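A.B. asks: Right, I'll just put the structure down here and ask away after.
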Amino acid sequence: MAEKKLVEAITAMEDDFAQWYTDVVKKAELIDYTSVKGCMVFKPAGYAIWELIQKQLDARFKETGVENVYLPMFIPESLLQKEKDHVEGFAPEVAWVTHGGLQPLQERMCVRPTSETLFCDFYKNDIHSYRDLPKVYNQWCSVVRWEKETRPFLRSREFLWQEGHTAHATAEEAEERTIQMLNVYAKFCEEVLAIPVIKGKKTDKEKFAGAESTYTIEALMHDGKALQSGTSHNFGDGFAKAFGIQFTDKDNTLKYVHQTSWGMTTRLIGAVIMVHGDNSGLVLPPRVAPTQVMIVPIQQKKEGVLDKAYELKERLSKAHDSNLRVKVDDSDKSPGWKFSECEMRGVPVRVEIGPKDIEAGKCILVRRDTREKIECTLDDVETEVLKLLDLMQVEMLERAREHRDQHTYVAKTMDEFEKIFNEKSGFVKAMWCGNRECEDIIKEKLAVTSRCMPFEQENLADTCVCCGKPATKMVYWGRAY
């Protein structure tokens, strides 16, 4: 009975996907709500996933020459006003500080929604010569955006992220870095989170406020909605001109730097939940699972059972220098309850061991993603568990890619386009003329936005899906979080 009750606490995703998502983040104890509206507590299980994302992403950044810095969280209003498009893009979401203690501030300050303006202010004093370039900096911090509608991980008023800000001597170098970081993001999503992504460029309507061009990786969630999972922006020299960031080049002339910025946030945790989760709870890819292996002793009060469970933990933790994250559930709950809890929390591999298993020199391995049970000799447990975790990582990506491809459609006419979005959910590939009017019409009519113009272009038709004029780009369209 206990096993059934725990699972019943989650709404089925087929019945109400939004409620299923909320149930999972609450029941798996990833977050808790707070008395600060729109802000959440990261509980240990949720924060541990972020730590693993941060650690692995940070290592990948550093391989490309990125250095970490930290800038203030407050931005004076006058600084924010310097880049017109940028301030207009963020104005509706800015939180303002008006008092310091009991005294009104001479100039109000905003709590950073993003740090371009602060980095520009810093760079204008830090960069003098071509020898000072490039600057390839990143900061891990939180930002505040006063969102109207919030949802755990996907959209909250304060969220955690990293923001990279770089300065280069030439336009070519800046563009190269912009694309390089997008590729770092795409590989990270696929190799660590087991989430396949579409890489491409945002339309002018959807690009970052103040950017010359914005590149994005777009993922498809289980309910067929898109999630922008990481962006990389090329600013050209627009910010440099607004802030006066100049350097003396090799030819002894003064030039403006070219800048980029790129970011990924805690919404990636939401993506992992919505791409891989099921009606029993989380399904975590092994590389971001805080606990990769849970050992569940059966009849643990019987002599030798707990000792054997802890001996296995010791062996697995050190297996082939893998630093596996292993725990033993020695609580006094029933095995059935422990199994359900393990599933709810998304632990990739469960090891079941009881008196009869010990006698026979074996244990049972259970995969979280497929629920397959595998009999394994105790001698082979390290090798088999590591093999299983690697296999799960690969197969979870394959399944997610298969799901995305099955929910990606082609529309050549507006009738087809409308029919697909009225009846199905997913990505729709369709041609576009390049005019914003068509994007506006599609958004108004169907609540659908352009997700990206993929790098891998296809010529699906000669005319725009909306207006029938000659098409210039193939675009992925979707409803998004």
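Numbering starts fresh at 1 for the residues of each chain in the structure tokens, the chains themselves are lettered A, B, ... in the order given, and ligands are numbered from 1 as they appear.
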Would you list the contacts of Lys55 (chain A) as a count of residues only, taking every protein, DNA or RNA residue within 12 Å and counting only C-alpha atoms, but skipping same-chain residues closer than 4 positions in sequence?

C.D. replies: 14

A.B. asks: Which residues are close to Leu284 (chain A), i.e. within 9 Å by only C-alpha atoms, leaving aside same-chain residues fewer than 5 positions away? Reply as a list in words.

C.D. replies: Leu193, Val272, Ile273, His276, Gly277, Ala289, Pro290, Gln292, Arg345, Gly346, Val347, Pro348, Arg368 and Asp369 of chain A

A.B. asks: Excluding Glu212 (chain A) and any residue of its chain fewer than 4 positions from it, enumerate the residues within 9 Å of it, using only C-alpha atoms, and give them as a list in words.

C.D. replies: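 In the requested form, the answer reads Asp204, Lys207, Phe208, His233, Asn234, Phe235, Gly236, Asp237 and Gly238 of chain A.
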
A.B. asks: For region 247-263 of chain A, find every residue with an atom within 7 Å (counting only C-alpha atoms), except residues of its own chain fewer than 6 positions away, and show them as an MDAnalysis selection string.

C.D. replies: chainID A and resid 127:130 161:171 174 178 230:237 240:241

A.B. asks: Kindly indicate which residue among A:Gln139, A:Glu88, A:Glu444, A:Phe153 lies nearest to Asp58 (chain A), using only C-alpha atoms for the distances.

C.D. replies: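 For Asp58 (chain A), the nearest of the given residues is A:Gln139.
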
A.B. asks: Determine which residues of region 144-242 of chain A DSSP labels as strand (DSSP E) from the backbone of this structure, then write them out as a PyMOL selection string.

C.D. replies: chain A and resi 144+158-168+198-201+213-220+226-236

A.B. asks: Excluding Asp380 (chain A) and its own-chain neighbours fewer than 6 positions away, which residues fall within 12 Å of it when counting only C-alpha atoms? Please give them as number ranges by chain.

C.D. replies: A: 312, 315-316, 319, 361-365, 386-387

A.B. asks: Taking only C-alpha atoms into account, which of A:Gly434, A:Asp23, A:Val293, A:Asp332 comes nearest Glu314 (chain A)?

C.D. replies: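 Counting only C-alpha atoms, the residue closest to Glu314 (chain A) is A:Val293.
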
A.B. asks: Could you tell me, as a PyMOL selection string, which residues of region 2-157 of chain A DSSP assigns to alpha helix (DSSP H) when given the backbone?

C.D. replies: chain A and resi 2-8+17-27+44-63+77-80+84-90+116-126

A.B. asks: With only C-alpha atoms as the atoms that count, which of A:Glu372, A:Lys148, A:Glu83, A:Thr203 lies nearest to Asn435 (chain A)?

C.D. replies: A:Thr203

A.B. asks: Would you pick out the contacts of Ala91 (chain A) at 12 Å or less, using only C-alpha atoms, so that residues sharing its chain but fewer than 6 positions from it are not included, and give the list as an mmCIF file with C-alpha atoms, in the first residue's frame?

C.D. replies:
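Printed below is selection_5.cif as written:
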data_model
loop_
_atom_site.group_PDB
_atom_site.id
_atom_site.type_symbol
_atom_site.label_atom_id
_atom_site.label_comp_id
_atom_site.auth_asym_id
_atom_site.auth_seq_id
_atom_site.Cartn_x
_atom_site.Cartn_y
_atom_site.Cartn_z
ATOM 1 C CA GLU A 77 20.400 54.101 -12.760
ATOM 2 C CA LEU A 80 21.782 51.352 -16.881
ATOM 3 C CA GLN A 81 20.515 54.244 -19.047
ATOM 4 C CA GLU A 83 22.585 51.748 -23.749
ATOM 5 C CA LYS A 84 19.095 52.687 -24.943
ATOM 6 C CA ASP A 85 17.877 49.366 -26.422
ATOM 7 C CA CYS A 110 18.693 48.486 -9.646
ATOM 8 C CA VAL A 111 19.404 44.954 -8.485
ATOM 9 C CA ARG A 112 21.171 43.447 -11.496
ATOM 10 C CA PRO A 113 18.831 41.866 -14.052
ATOM 11 C CA THR A 114 22.053 41.169 -16.042
ATOM 12 C CA ARG A 145 13.800 40.099 -12.764
ATOM 13 C CA TRP A 146 10.345 41.049 -11.530
ATOM 14 C CA GLU A 147 8.384 38.394 -13.443
ATOM 15 C CA ALA A 209 18.096 43.888 -26.119
#

A.B. asks: Just checking: using only C-alpha atoms, which residue out of A:Ile420, A:Ala45, A:Val69, A:Ala226 ends up closest to Phe119 (chain A)?

C.D. replies: A:Val69

A.B. asks: I need the residue nearest Leu71 (chain A) from this list: A:Leu102, A:Ala12, A:Leu268, A:Cys120. Use only C-alpha atoms for the distance.

C.D. replies: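 Looking at the shortest contact to Leu71 (chain A), the residue is A:Cys120.
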
A.B. asks: Quick one: pull the distance between CA of Lys43 (chain A) and CA of Val94 (chain A), Å, one decimal.

C.D. replies: 26.4 Å

A.B. asks: Just the residues within 6 Å of region 449-460 of chain A, please, counting only C-alpha atoms, with nothing from its chain fewer than 6 positions along; format it as a list in words.

C.D. replies: Lys199, Gly200, Lys201, Lys202, Lys443, Val475, Tyr476, Trp477 and Gly478 of chain A

A.B. asks: What is the CA of Ala9 (chain A)-CA of Cys39 (chain A) distance in Å, reported with one decimal?

C.D. replies: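 Between these atoms lies a distance of 23.9 Å.
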